[in-house]
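Source file: data-v7.cif. Holds: mmCIF, C-alpha atoms.
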```cif
data_final
loop_
_atom_site.label_atom_id
_atom_site.label_comp_id
_atom_site.auth_asym_id
_atom_site.auth_seq_id
_atom_site.Cartn_x
_atom_site.Cartn_y
_atom_site.Cartn_z
CA ARG A 129 113.67 40.90 141.82
CA ASP A 130 115.90 43.93 141.18
CA MET A 131 113.12 45.51 139.11
CA ALA A 132 110.63 44.86 141.90
CA ASN A 133 113.00 46.44 144.42
CA LYS A 134 113.48 49.50 142.19
CA THR A 135 109.72 49.89 141.72
CA GLN A 136 109.12 49.50 145.45
CA TYR A 137 111.83 52.05 146.25
CA LYS A 138 110.46 54.57 143.74
CA GLY A 139 106.98 54.12 145.16
CA ARG A 140 108.28 54.76 148.65
CA LEU A 141 109.93 58.00 147.58
CA GLU A 142 106.72 59.12 145.86
CA SER A 143 104.79 58.43 149.07
CA LEU A 144 107.32 60.40 151.12
CA SER A 145 107.05 63.26 148.63
CA ALA A 146 103.24 63.17 148.82
CA ILE A 147 103.33 63.46 152.62
CA PHE A 148 105.91 66.27 152.59
CA THR A 149 103.99 68.17 149.89
CA ALA A 150 100.68 67.75 151.72
CA LEU A 151 102.19 69.20 154.90
CA ARG A 152 103.72 72.11 152.97
CA GLN A 153 100.30 72.91 151.53
CA THR A 154 98.32 72.28 154.73
CA PRO A 155 100.22 72.37 158.04
CA GLN A 156 98.97 70.89 161.29
CA LEU A 157 97.60 67.62 159.93
CA THR A 158 97.28 64.44 161.98
CA ARG A 159 98.38 61.07 160.66
CA ARG A 160 94.73 60.12 160.29
CA GLU A 161 94.04 63.23 158.20
CA LEU A 162 97.01 62.36 155.98
CA CYS A 163 95.52 58.89 155.45
CA GLU A 164 92.25 60.49 154.38
CA ARG A 165 93.99 62.82 151.91
CA LEU A 166 96.46 60.32 150.44
CA PRO A 167 96.12 56.77 149.08
CA LEU A 168 98.26 55.41 151.92
CA SER A 169 97.55 53.08 154.81
CA TRP A 170 97.79 54.08 158.45
CA GLY A 171 100.85 51.89 158.87
CA GLY A 172 102.51 53.35 155.79
CA VAL A 173 101.86 56.94 156.89
CA SER A 174 103.16 56.23 160.40
CA GLU A 175 106.36 54.60 159.13
CA LEU A 176 107.15 57.31 156.59
CA CYS A 177 106.32 60.13 159.00
CA ALA A 178 108.70 58.57 161.52
CA ALA A 179 111.50 58.74 158.94
CA LEU A 180 110.66 62.38 158.06
CA LEU A 181 110.60 63.27 161.76
CA GLU A 182 113.94 61.58 162.40
CA CYS A 183 115.74 63.46 159.61
CA GLY A 184 114.24 66.83 160.63
CA ALA A 185 112.01 67.36 157.59
CA ILE A 186 108.81 67.61 159.65
CA CYS A 187 107.91 68.25 163.27
CA GLU A 188 104.94 67.36 165.50
CA GLU A 189 103.14 68.97 168.38
CA LYS A 190 100.19 68.20 170.60
CA PRO A 191 97.05 70.33 170.22
CA GLN A 192 96.95 73.22 172.68
CA ASP A 193 93.18 73.65 172.92
CA GLY A 194 92.41 70.10 173.96
CA LYS A 195 89.61 69.82 171.38
CA SER A 196 91.34 67.00 169.53
CA THR A 197 91.87 64.92 172.65
CA PRO A 198 89.85 61.67 172.42
CA PRO A 199 87.91 60.32 175.46
CA CYS A 200 90.45 57.52 175.68
CA GLY A 201 93.63 56.45 173.97
CA ARG A 202 96.57 58.46 172.64
CA THR A 203 96.21 62.17 171.92
CA PRO A 204 96.76 62.69 168.18
CA THR A 205 99.68 64.96 167.40
CA ARG A 206 99.70 67.37 164.50
CA LEU A 207 102.43 67.35 161.86
CA SER A 208 103.94 70.26 159.92
CA VAL A 209 106.99 70.89 157.78
CA SER A 210 109.81 71.81 160.14
CA PRO A 211 110.75 75.51 160.17
CA SER A 212 114.32 74.36 160.80
CA ALA A 213 114.62 72.30 157.60
CA ARG A 214 117.05 73.78 155.08
CA PHE A 215 117.78 73.25 151.38
CA LEU A 216 120.85 74.41 149.49
CA GLY A 217 120.81 75.85 145.96
CA VAL A 218 124.04 76.09 143.95
CA ASP A 219 124.34 78.04 140.69
CA ILE A 220 127.43 76.86 138.78
CA ASN A 221 128.23 79.35 136.06
CA ARG A 222 131.32 80.55 134.24
CA THR A 223 130.72 84.00 135.73
CA GLY A 224 130.67 82.72 139.33
CA ILE A 225 129.47 80.15 141.86
CA THR A 226 126.47 81.29 143.91
CA LEU A 227 125.04 79.40 146.89
CA CYS A 228 121.68 80.05 148.54
CA LEU A 229 120.35 78.39 151.70
CA ARG A 230 116.57 78.54 152.12
CA ASP A 231 113.86 76.99 154.23
CA ALA A 232 110.94 74.90 152.99
CA PHE A 233 108.64 77.95 152.86
CA GLY A 234 110.60 79.97 150.31
CA ASN A 235 112.56 82.21 152.68
CA GLU A 236 116.21 82.83 151.87
CA VAL A 237 118.41 82.29 154.91
CA LEU A 238 121.98 82.65 153.69
CA ARG A 239 123.76 83.56 150.45
CA ARG A 240 127.35 83.33 149.28
CA LYS A 241 129.10 84.02 145.96
CA THR A 242 132.60 83.19 144.83
CA PRO A 243 134.29 83.71 141.46
CA SER A 244 134.61 80.76 139.12
CA PRO A 245 138.17 79.59 138.46
CA ARG A 246 139.81 80.62 135.22
CA SER A 247 139.97 77.00 134.07
CA PRO A 248 136.91 74.69 134.14
CA LYS A 249 139.29 71.92 135.24
CA ASP A 250 139.37 73.58 138.68
CA LEU A 251 135.60 74.09 138.85
CA PRO A 252 134.70 70.89 140.81
CA ARG A 253 137.17 71.69 143.60
CA HIS A 254 135.91 75.27 143.92
CA VAL A 255 132.24 74.17 143.99
CA LEU A 256 132.81 71.47 146.62
CA GLN A 257 134.82 73.83 148.84
CA ALA A 258 132.13 76.52 148.60
CA ALA A 259 129.29 74.08 149.38
CA GLU A 260 131.09 72.46 152.31
CA GLY A 261 132.02 75.89 153.66
CA LEU A 262 128.44 77.18 153.62
CA LEU A 263 127.03 73.97 155.12
CA SER A 264 129.51 74.25 157.98
CA GLU A 265 127.90 77.59 158.93
CA THR A 266 124.54 76.08 159.92
CA ASP A 267 123.64 73.66 162.69
CA LEU A 268 120.14 73.11 161.30
CA PRO A 269 119.28 70.03 159.21
CA VAL A 270 120.03 70.49 155.49
CA LEU A 271 117.98 67.90 153.58
CA GLY A 272 118.91 68.31 149.92
CA ILE A 273 120.90 70.23 147.34
CA GLY A 274 119.61 71.68 144.08
CA VAL A 275 122.13 72.53 141.36
CA ALA A 276 121.68 74.99 138.50
CA MET A 277 124.18 73.76 135.92
CA GLN A 278 125.56 75.54 132.91
CA GLY A 279 126.69 73.51 129.93
CA LYS A 280 125.42 70.74 127.71
CA LYS A 281 124.17 67.56 129.33
CA THR A 282 125.58 64.31 128.01
CA GLU A 283 123.60 61.10 127.58
CA GLY A 284 124.29 60.24 131.22
CA SER A 285 124.28 62.60 134.20
CA GLU A 286 127.44 64.48 133.20
CA PHE A 287 127.69 68.01 131.82
CA LEU A 288 130.02 69.37 129.15
CA ILE A 289 131.35 72.72 130.37
CA THR A 290 133.42 74.96 128.08
CA TYR A 291 134.92 78.38 128.74
CA GLY A 292 138.32 79.98 128.52
CA GLY A 293 139.14 77.71 125.61
CA GLN A 294 139.01 74.59 127.84
CA THR A 295 136.45 71.84 128.34
CA LEU A 296 135.39 69.78 131.35
CA ILE A 297 133.06 66.78 131.54
CA TRP A 298 131.69 66.60 135.08
CA ASP A 299 128.91 64.96 137.12
CA PRO A 300 128.17 67.55 139.84
CA ALA A 301 125.47 65.43 141.52
CA LYS A 302 127.84 62.53 142.15
CA ASP A 303 130.63 64.66 143.62
CA LEU A 304 128.36 66.90 145.74
CA ALA A 305 126.42 63.92 147.12
CA SER A 306 129.67 62.23 148.08
CA ALA A 307 131.29 65.33 149.61
CA CYS A 308 128.22 66.65 151.48
CA SER A 309 126.39 63.36 152.26
CA LEU A 310 123.17 64.82 150.86
CA PRO A 311 120.89 63.96 147.94
CA VAL A 312 121.34 66.20 144.89
CA THR A 313 119.04 67.18 142.02
CA VAL A 314 120.46 68.94 138.95
CA HIS A 315 118.72 71.16 136.39
CA HIS A 316 119.87 73.47 133.60
CA ASP A 317 120.47 76.98 134.90
CA PRO A 318 117.78 78.71 132.73
CA ASP A 319 115.13 76.38 134.20
CA CYS A 320 116.33 77.28 137.71
CA MET A 321 116.31 80.97 136.80
CA LEU A 322 112.67 80.68 135.68
CA TYR A 323 111.94 78.83 138.94
CA SER A 324 113.27 81.91 140.77
CA LEU A 325 110.67 84.20 139.21
CA PRO A 326 107.78 85.55 141.29
CA VAL A 327 105.13 84.09 138.96
CA GLU A 328 102.37 81.55 139.42
CA LYS A 329 103.86 78.79 137.30
CA ASN A 330 100.68 76.71 137.66
CA ARG A 331 98.63 79.39 135.90
CA GLU A 332 100.98 81.21 133.56
CA ASP A 333 102.73 80.30 130.34
CA VAL A 334 106.08 82.03 130.66
CA LEU A 335 109.09 82.37 128.39
CA MET A 336 112.20 83.39 130.33
CA VAL A 337 115.46 84.68 128.83
CA ARG A 338 118.64 84.89 130.87
CA LEU A 339 121.03 87.54 129.57
CA ASP A 340 124.60 87.67 130.86
CA ARG A 341 127.70 86.39 129.08
CA GLY A 342 125.49 83.82 127.42
CA VAL A 343 121.81 83.71 126.44
CA GLY A 344 119.74 81.13 128.30
CA LEU A 345 116.15 80.13 127.62
CA SER A 346 113.44 78.36 129.60
CA VAL A 347 109.75 77.91 128.86
CA CYS A 348 106.86 77.01 131.15
CA ARG A 349 103.67 75.79 129.45
CA HIS A 350 100.48 74.71 131.23
CA GLY A 351 102.30 74.73 134.55
CA LYS A 352 105.17 72.50 133.40
CA LEU A 353 108.72 73.35 132.42
CA LEU A 354 109.69 72.20 128.96
CA ALA A 355 112.78 70.52 130.40
CA GLU A 356 113.90 68.90 127.18
CA PHE A 357 113.32 72.00 125.05
CA PRO A 358 115.99 71.72 122.32
CA LEU A 359 116.31 75.31 121.09
CA GLU A 360 119.53 77.19 121.92
CA LEU A 361 118.29 80.77 121.62
CA GLY A 362 121.79 82.21 121.92
CA LYS A 363 122.88 80.25 118.82
CA THR A 364 120.22 81.93 116.65
CA VAL A 365 122.11 83.31 113.63
CA PHE A 366 121.45 86.68 111.97
CA ARG A 367 123.05 87.65 108.67
CA GLU A 368 123.77 91.34 108.25
CA SER A 369 125.87 92.97 105.53
CA GLY A 370 127.17 89.56 104.56
CA VAL A 371 128.33 88.78 108.11
CA CYS A 372 126.75 86.07 110.28
CA LYS A 373 126.38 86.82 113.98
CA THR A 374 124.74 84.79 116.74
CA LEU A 375 122.33 86.36 119.22
CA GLU A 376 124.83 85.58 121.99
CA GLU A 377 127.48 87.60 120.17
CA ALA A 378 125.01 90.45 119.73
CA ILE A 379 123.55 90.76 123.23
CA GLY A 380 125.83 88.71 125.47
CA ILE A 381 127.99 90.81 127.77
CA GLY A 382 131.18 89.70 126.02
CA GLY A 383 129.83 90.53 122.57
CA LEU A 384 128.57 93.94 123.66
CA GLU A 385 131.87 94.81 125.30
CA GLN A 386 133.75 93.82 122.17
CA GLU A 387 131.41 95.84 119.95
CA ILE A 388 131.49 98.93 122.17
CA GLY A 389 135.22 98.61 122.76
CA LYS A 390 135.18 98.86 126.55
CA PRO A 391 133.75 97.11 129.62
CA LEU A 392 130.10 97.66 130.49
CA THR A 393 130.28 100.06 133.42
CA SER A 394 127.22 101.96 134.59
CA PRO A 395 124.00 102.37 132.58
CA GLU A 396 124.22 106.13 133.17
CA ALA A 397 127.66 106.36 131.56
CA LEU A 398 126.69 104.24 128.56
CA SER A 399 123.45 106.18 128.03
CA LYS A 400 125.60 109.24 127.31
CA ASP A 401 127.62 107.35 124.69
CA GLU A 402 125.85 107.64 121.32
CA ASN A 403 127.77 104.69 119.86
CA ALA A 404 126.91 102.46 122.84
CA ARG A 405 123.24 103.47 122.67
CA GLY A 406 123.10 102.48 119.02
CA ILE A 407 124.77 99.11 119.67
CA PHE A 408 122.41 98.30 122.54
CA SER A 409 119.38 99.36 120.51
CA HIS A 410 120.43 97.14 117.60
CA ALA A 411 121.04 94.22 119.96
CA GLY A 412 117.58 94.77 121.47
CA MET A 413 116.02 94.69 117.99
CA LEU A 414 117.70 91.33 117.30
CA LEU A 415 116.54 89.99 120.67
CA GLY A 416 112.93 91.10 120.08
CA THR A 417 112.92 89.56 116.60
CA ALA A 418 114.22 86.24 117.93
CA LEU A 419 111.68 86.24 120.76
CA GLY A 420 108.86 87.08 118.35
CA ASN A 421 109.71 84.16 116.10
CA LEU A 422 109.89 81.90 119.13
CA CYS A 423 106.52 83.11 120.47
CA HIS A 424 104.94 82.15 117.13
CA LEU A 425 106.11 78.59 117.74
CA ILE A 426 105.28 78.49 121.45
CA PRO A 427 102.50 80.88 122.47
CA VAL A 428 103.06 82.30 125.96
CA SER A 429 101.25 84.86 128.11
CA LYS A 430 104.38 86.55 129.45
CA VAL A 431 108.04 87.11 128.55
CA ALA A 432 110.47 87.58 131.43
CA ILE A 433 114.05 88.85 131.13
CA CYS A 434 116.61 88.08 133.85
CA GLY A 435 120.37 88.04 134.24
CA GLU A 436 123.23 90.46 134.78
CA LEU A 437 122.35 92.48 131.68
CA THR A 438 119.00 93.57 133.18
CA ARG A 439 120.66 96.59 134.78
CA PHE A 440 121.16 97.88 131.23
CA SER A 441 117.56 97.11 130.21
CA GLY A 442 116.79 100.79 129.62
CA LEU A 443 119.27 100.71 126.71
CA PHE A 444 117.93 97.66 124.86
CA LEU A 445 114.39 96.98 126.11
CA PRO A 446 112.50 99.64 124.06
CA ALA A 447 113.95 98.30 120.82
CA ALA A 448 113.30 94.70 121.90
CA LYS A 449 109.65 95.45 122.67
CA ALA A 450 109.18 97.30 119.39
CA ALA A 451 110.64 94.39 117.38
CA LEU A 452 108.52 91.89 119.32
CA ARG A 453 105.35 93.87 118.52
CA GLU A 454 106.35 94.06 114.87
CA VAL A 455 106.71 90.28 114.66
CA ILE A 456 103.73 89.25 116.84
CA GLY A 457 101.24 92.07 116.27
CA ALA A 458 98.26 92.70 118.50
CA GLU A 459 98.73 89.56 120.60
CA THR A 460 102.19 90.58 121.82
CA PRO A 461 102.79 89.21 125.35
CA PRO A 462 103.91 91.69 128.02
CA VAL A 463 107.65 91.80 128.76
CA SER A 464 108.86 92.14 132.35
CA VAL A 465 112.39 92.63 133.67
CA HIS A 466 113.54 90.91 136.86
CA PRO A 467 116.90 91.82 138.43
CA ILE A 468 117.68 88.18 139.22
CA THR A 469 121.31 87.56 138.39
CA ASP A 470 121.77 83.95 139.46
CA ALA A 471 119.78 80.71 139.59
CA ALA A 472 120.70 79.58 143.11
CA LEU A 473 117.27 80.36 144.61
CA GLY A 474 115.50 78.47 141.82
CA ALA A 475 117.85 75.52 142.32
CA ALA A 476 116.98 75.49 146.04
CA ARG A 477 113.28 75.59 145.14
CA PHE A 478 113.74 72.54 142.94
CA ALA A 479 115.41 70.81 145.89
CA VAL A 480 112.35 71.56 148.04
CA ASP A 481 109.65 70.77 145.47
CA GLU A 482 111.26 67.49 144.39
CA PHE A 483 112.20 66.35 147.90
CA PRO A 484 112.81 63.50 148.49
CA ARG A 485 112.30 61.93 145.04
CA TYR A 486 115.98 62.45 144.16
CA LEU A 487 117.17 60.52 147.22
CA GLN A 488 119.62 57.77 146.27
CA LYS A 489 119.28 54.41 147.99
CA GLY A 490 122.37 53.65 150.03
CA GLY A 491 123.26 57.32 150.41
CA GLN A 492 124.51 58.89 153.63
CA SER A 493 121.89 61.64 153.92
CA PRO A 494 119.83 61.88 157.14
CA LEU A 495 116.67 60.63 155.42
CA ALA A 496 118.46 57.73 153.69
CA ARG A 497 119.83 56.60 157.05
CA ALA A 498 116.38 56.91 158.63
CA LEU A 499 114.75 54.85 155.87
CA PHE A 500 117.35 52.17 155.35
#
```

What's the structure tokens form of this structure?
Amino acid sequence: RDMANKTQYKGRLESLSAIFTALRQTPQLTRRELCERLPLSWGGVSELCAALLECGAICEEKPQDGKSTPPCGRTPTRLSVSPSARFLGVDINRTGITLCLRDAFGNEVLRRKTPSPRSPKDLPRHVLQAAEGLLSETDLPVLGIGVAMQGKKTEGSEFLITYGGQTLIWDPAKDLASACSLPVTVHHDPDCMLYSLPVEKNREDVLMVRLDRGVGLSVCRHGKLLAEFPLELGKTVFRESGVCKTLEEAIGIGGLEQEIGKPLTSPEALSKDENARGIFSHAGMLLGTALGNLCHLIPVSKVAICGELTRFSGLFLPAAKAALREVIGAETPPVSVHPITDAALGAARFAVDEFPRYLQKGGQSPLARALF
């Protein structure tokens, strides 16, 4: 019986998602037109649309031209995704906590950023305070939260977060859902960063590298993210002059600052420093070599570079491209740089695209209350 209930519940969420997705793709549909497009009964469509209307995910209006008015009976109303519906994206990173509120059509409405605490032990409290604070600034219905999470995922839903010599094991979805009374979906931050890119993910095979204090990697093949991709690009080891160095130590912000001997200030200032230029160029060569080897394993049509280090791309990108061409040859994919420094927008996009499949039964979100 429990298995039957779980299957029924999952099927209901899939049906809700199908209706919401159909209305995102084609606004102004009637319930009858939804029945014709989806393998759902009239009664099922009516019930699920009522729940989506009640929670503010969709809206309805009567036709203005009168052409859809039948000779008798009820005038069919047309349904669309509500322009008032909001989704929250949260990027949880050791360099900072970024929050992005967006609508269901991809428009960013509000953005906030706060520094991460020095100790990961204080991270949950800072994240919850930031999320609750931003949500208190809008009176419009927020329907879901997407989280871009740094760290290693455990066998369950928890993440292992290490920085500053300390470690935290935390389930952000559980705490955010409880504090904000909203459903939460969690993804690794590189996947959310890729989801922030202005590319057609359904048509392009993209390899995305996030360069900041760490090195993140995400790959999209045949329109699908390789979510369980096991390779930690930043842990790639190079041996030079008898010394082993990881790619993260070579081209992460911390490693570059240590090698140069001072903080990374402006690209203009560093471009005048011959020693810094040489260090960046060498780091770019290592990056291009690592990417070339990876592209041999996973052919892609485009390489995208994001993260805080992109503002210094003029110092390392030429060497990275040259090394990539040397490894790949004539079929070298083009490399583009995107000044996207956080994954909050991509996390919010996940919250929209997966809505409401991550809804937990028994939750206190508006849609859960409308359904159950």

Spatial neighbours of region 215-217 of chain A, max dist 8 Å, only C-alpha atoms, sep filter under 6 positions, as a ChimeraX atom specification: /A:227-232,270-276,472-477,479-480

Residues selected by the PyMOL selection byres ((chain A and resi 256) around 10), written as a PyMOL selection string: chain A and resi 251-255+257-261+300+303-308

Please dump the current selection as a PDB file, keeping the file's coordinate frame; keep C-alpha atoms.
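So part_29.pdb came out as:
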```pdb
ATOM      1  CA  LEU A 251     135.600  74.090 138.850  1.00  0.00           C
ATOM      2  CA  PRO A 252     134.700  70.890 140.810  1.00  0.00           C
ATOM      3  CA  ARG A 253     137.170  71.690 143.600  1.00  0.00           C
ATOM      4  CA  HIS A 254     135.910  75.270 143.920  1.00  0.00           C
ATOM      5  CA  VAL A 255     132.240  74.170 143.990  1.00  0.00           C
ATOM      6  CA  GLN A 257     134.820  73.830 148.840  1.00  0.00           C
ATOM      7  CA  ALA A 258     132.130  76.520 148.600  1.00  0.00           C
ATOM      8  CA  ALA A 259     129.290  74.080 149.380  1.00  0.00           C
ATOM      9  CA  GLU A 260     131.090  72.460 152.310  1.00  0.00           C
ATOM     10  CA  GLY A 261     132.020  75.890 153.660  1.00  0.00           C
ATOM     11  CA  PRO A 300     128.170  67.550 139.840  1.00  0.00           C
ATOM     12  CA  ASP A 303     130.630  64.660 143.620  1.00  0.00           C
ATOM     13  CA  LEU A 304     128.360  66.900 145.740  1.00  0.00           C
ATOM     14  CA  ALA A 305     126.420  63.920 147.120  1.00  0.00           C
ATOM     15  CA  SER A 306     129.670  62.230 148.080  1.00  0.00           C
ATOM     16  CA  ALA A 307     131.290  65.330 149.610  1.00  0.00           C
ATOM     17  CA  CYS A 308     128.220  66.650 151.480  1.00  0.00           C
TER      18      CYS A 308
END
```

Pick from A:Lys281, A:Arg152, A:His350, A:Arg206 nearest to Ile426 (chain A), counting only C-alpha atoms: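 Among the listed residues, A:His350 lies closest to Ile426 (chain A).
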
Between CA of Lys430 (chain A) and CA of Gly412 (chain A) - distance in Å to one decimal: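 Separation between CA of Gly412 (chain A) and CA of Lys430 (chain A): 17.5 Å.
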
Interatomic distance, CA of Leu335 (chain A) to CA of Cys423 (chain A) (Å, one decimal):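 Going from CA of Leu335 (chain A) over to CA of Cys423 (chain A), I get 8.4 Å.
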
Test item: the PyMOL selection byres ((chain A and resi 205) around 7) resolved as a ChimeraX atom specification: /A:158,188-191,203-204,206-207

Residues matched by the PyMOL selection byres ((chain A and resi 289) around 12), written as a PyMOL selection string: chain A and resi 220-222+247-252+277-282+286-288+290-300+316

Please return the centre and edge lengths, in Å to one decimal, of a box with edges along x, y and z that contains all listed atoms of region 149-166 of chain A, widened by 6 Å on every side, as AutoDock Vina command-line options.
```
--center_x 98.1 --center_y 65.9 --center_z 155.9 --size_x 23.7 --size_y 26.0 --size_z 24.1
```

From A:Lys134, A:Lys302, A:Lys489, A:Arg338, residue lying nearest Gly435 (chain A) [all atoms listed in the file]: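 Smallest distance to Gly435 (chain A) is found for A:Arg338.
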
File output for region 279-287 of chain A (all heavy atoms) as a compact mmCIF listing (two decimals), in the first residue's frame:
```txt
# COMPACT_ATOMS: atom_id res chain seq x y z
N GLY A 279 30.74 21.25 -2.29
CA GLY A 279 31.08 20.16 -1.39
C GLY A 279 30.76 18.80 -2.00
O GLY A 279 30.20 18.69 -3.08
N LYS A 280 31.10 17.78 -1.27
CA LYS A 280 30.91 16.41 -1.72
C LYS A 280 29.62 15.84 -1.14
O LYS A 280 29.40 15.92 0.07
CB LYS A 280 32.10 15.54 -1.30
CG LYS A 280 32.03 14.10 -1.79
CD LYS A 280 33.27 13.34 -1.36
CE LYS A 280 33.21 11.89 -1.86
NZ LYS A 280 34.41 11.13 -1.43
N LYS A 281 28.79 15.29 -1.99
CA LYS A 281 27.52 14.73 -1.53
C LYS A 281 27.75 13.36 -0.91
O LYS A 281 28.48 12.54 -1.43
CB LYS A 281 26.53 14.63 -2.68
CG LYS A 281 25.11 14.31 -2.23
CD LYS A 281 24.14 14.38 -3.39
CE LYS A 281 22.72 14.13 -2.92
NZ LYS A 281 21.75 14.18 -4.03
N THR A 282 27.10 13.14 0.23
CA THR A 282 27.20 11.84 0.89
C THR A 282 26.20 10.88 0.25
O THR A 282 25.53 11.21 -0.72
CB THR A 282 26.91 11.98 2.39
OG1 THR A 282 25.53 12.37 2.56
CG2 THR A 282 27.80 13.04 3.02
N GLU A 283 26.09 9.68 0.79
CA GLU A 283 25.17 8.69 0.24
C GLU A 283 23.72 9.14 0.37
O GLU A 283 22.87 8.75 -0.42
CB GLU A 283 25.36 7.34 0.94
CG GLU A 283 26.71 6.68 0.62
CD GLU A 283 26.83 5.31 1.26
OE1 GLU A 283 25.88 4.88 1.94
OE2 GLU A 283 27.87 4.68 1.06
N GLY A 284 23.42 9.96 1.37
CA GLY A 284 22.07 10.47 1.53
C GLY A 284 21.91 11.80 0.82
O GLY A 284 22.38 12.00 -0.29
N SER A 285 21.26 12.74 1.48
CA SER A 285 21.04 14.07 0.90
C SER A 285 21.93 15.12 1.53
O SER A 285 21.75 16.31 1.29
CB SER A 285 19.57 14.47 1.07
OG SER A 285 19.20 14.43 2.44
N GLU A 286 22.91 14.69 2.33
CA GLU A 286 23.80 15.63 3.00
C GLU A 286 25.03 15.93 2.15
O GLU A 286 25.39 15.16 1.25
CB GLU A 286 24.23 15.07 4.36
CG GLU A 286 23.08 14.87 5.33
CD GLU A 286 23.53 14.21 6.61
OE1 GLU A 286 24.42 13.33 6.55
OE2 GLU A 286 22.99 14.54 7.68
N PHE A 287 25.67 17.06 2.47
CA PHE A 287 26.88 17.47 1.77
C PHE A 287 28.01 17.64 2.79
O PHE A 287 27.79 18.11 3.91
CB PHE A 287 26.67 18.80 1.03
CG PHE A 287 25.94 18.65 -0.27
CD1 PHE A 287 24.57 18.49 -0.29
CD2 PHE A 287 26.62 18.65 -1.47
CE1 PHE A 287 23.88 18.34 -1.48
CE2 PHE A 287 25.95 18.51 -2.68
CZ PHE A 287 24.58 18.36 -2.68
```
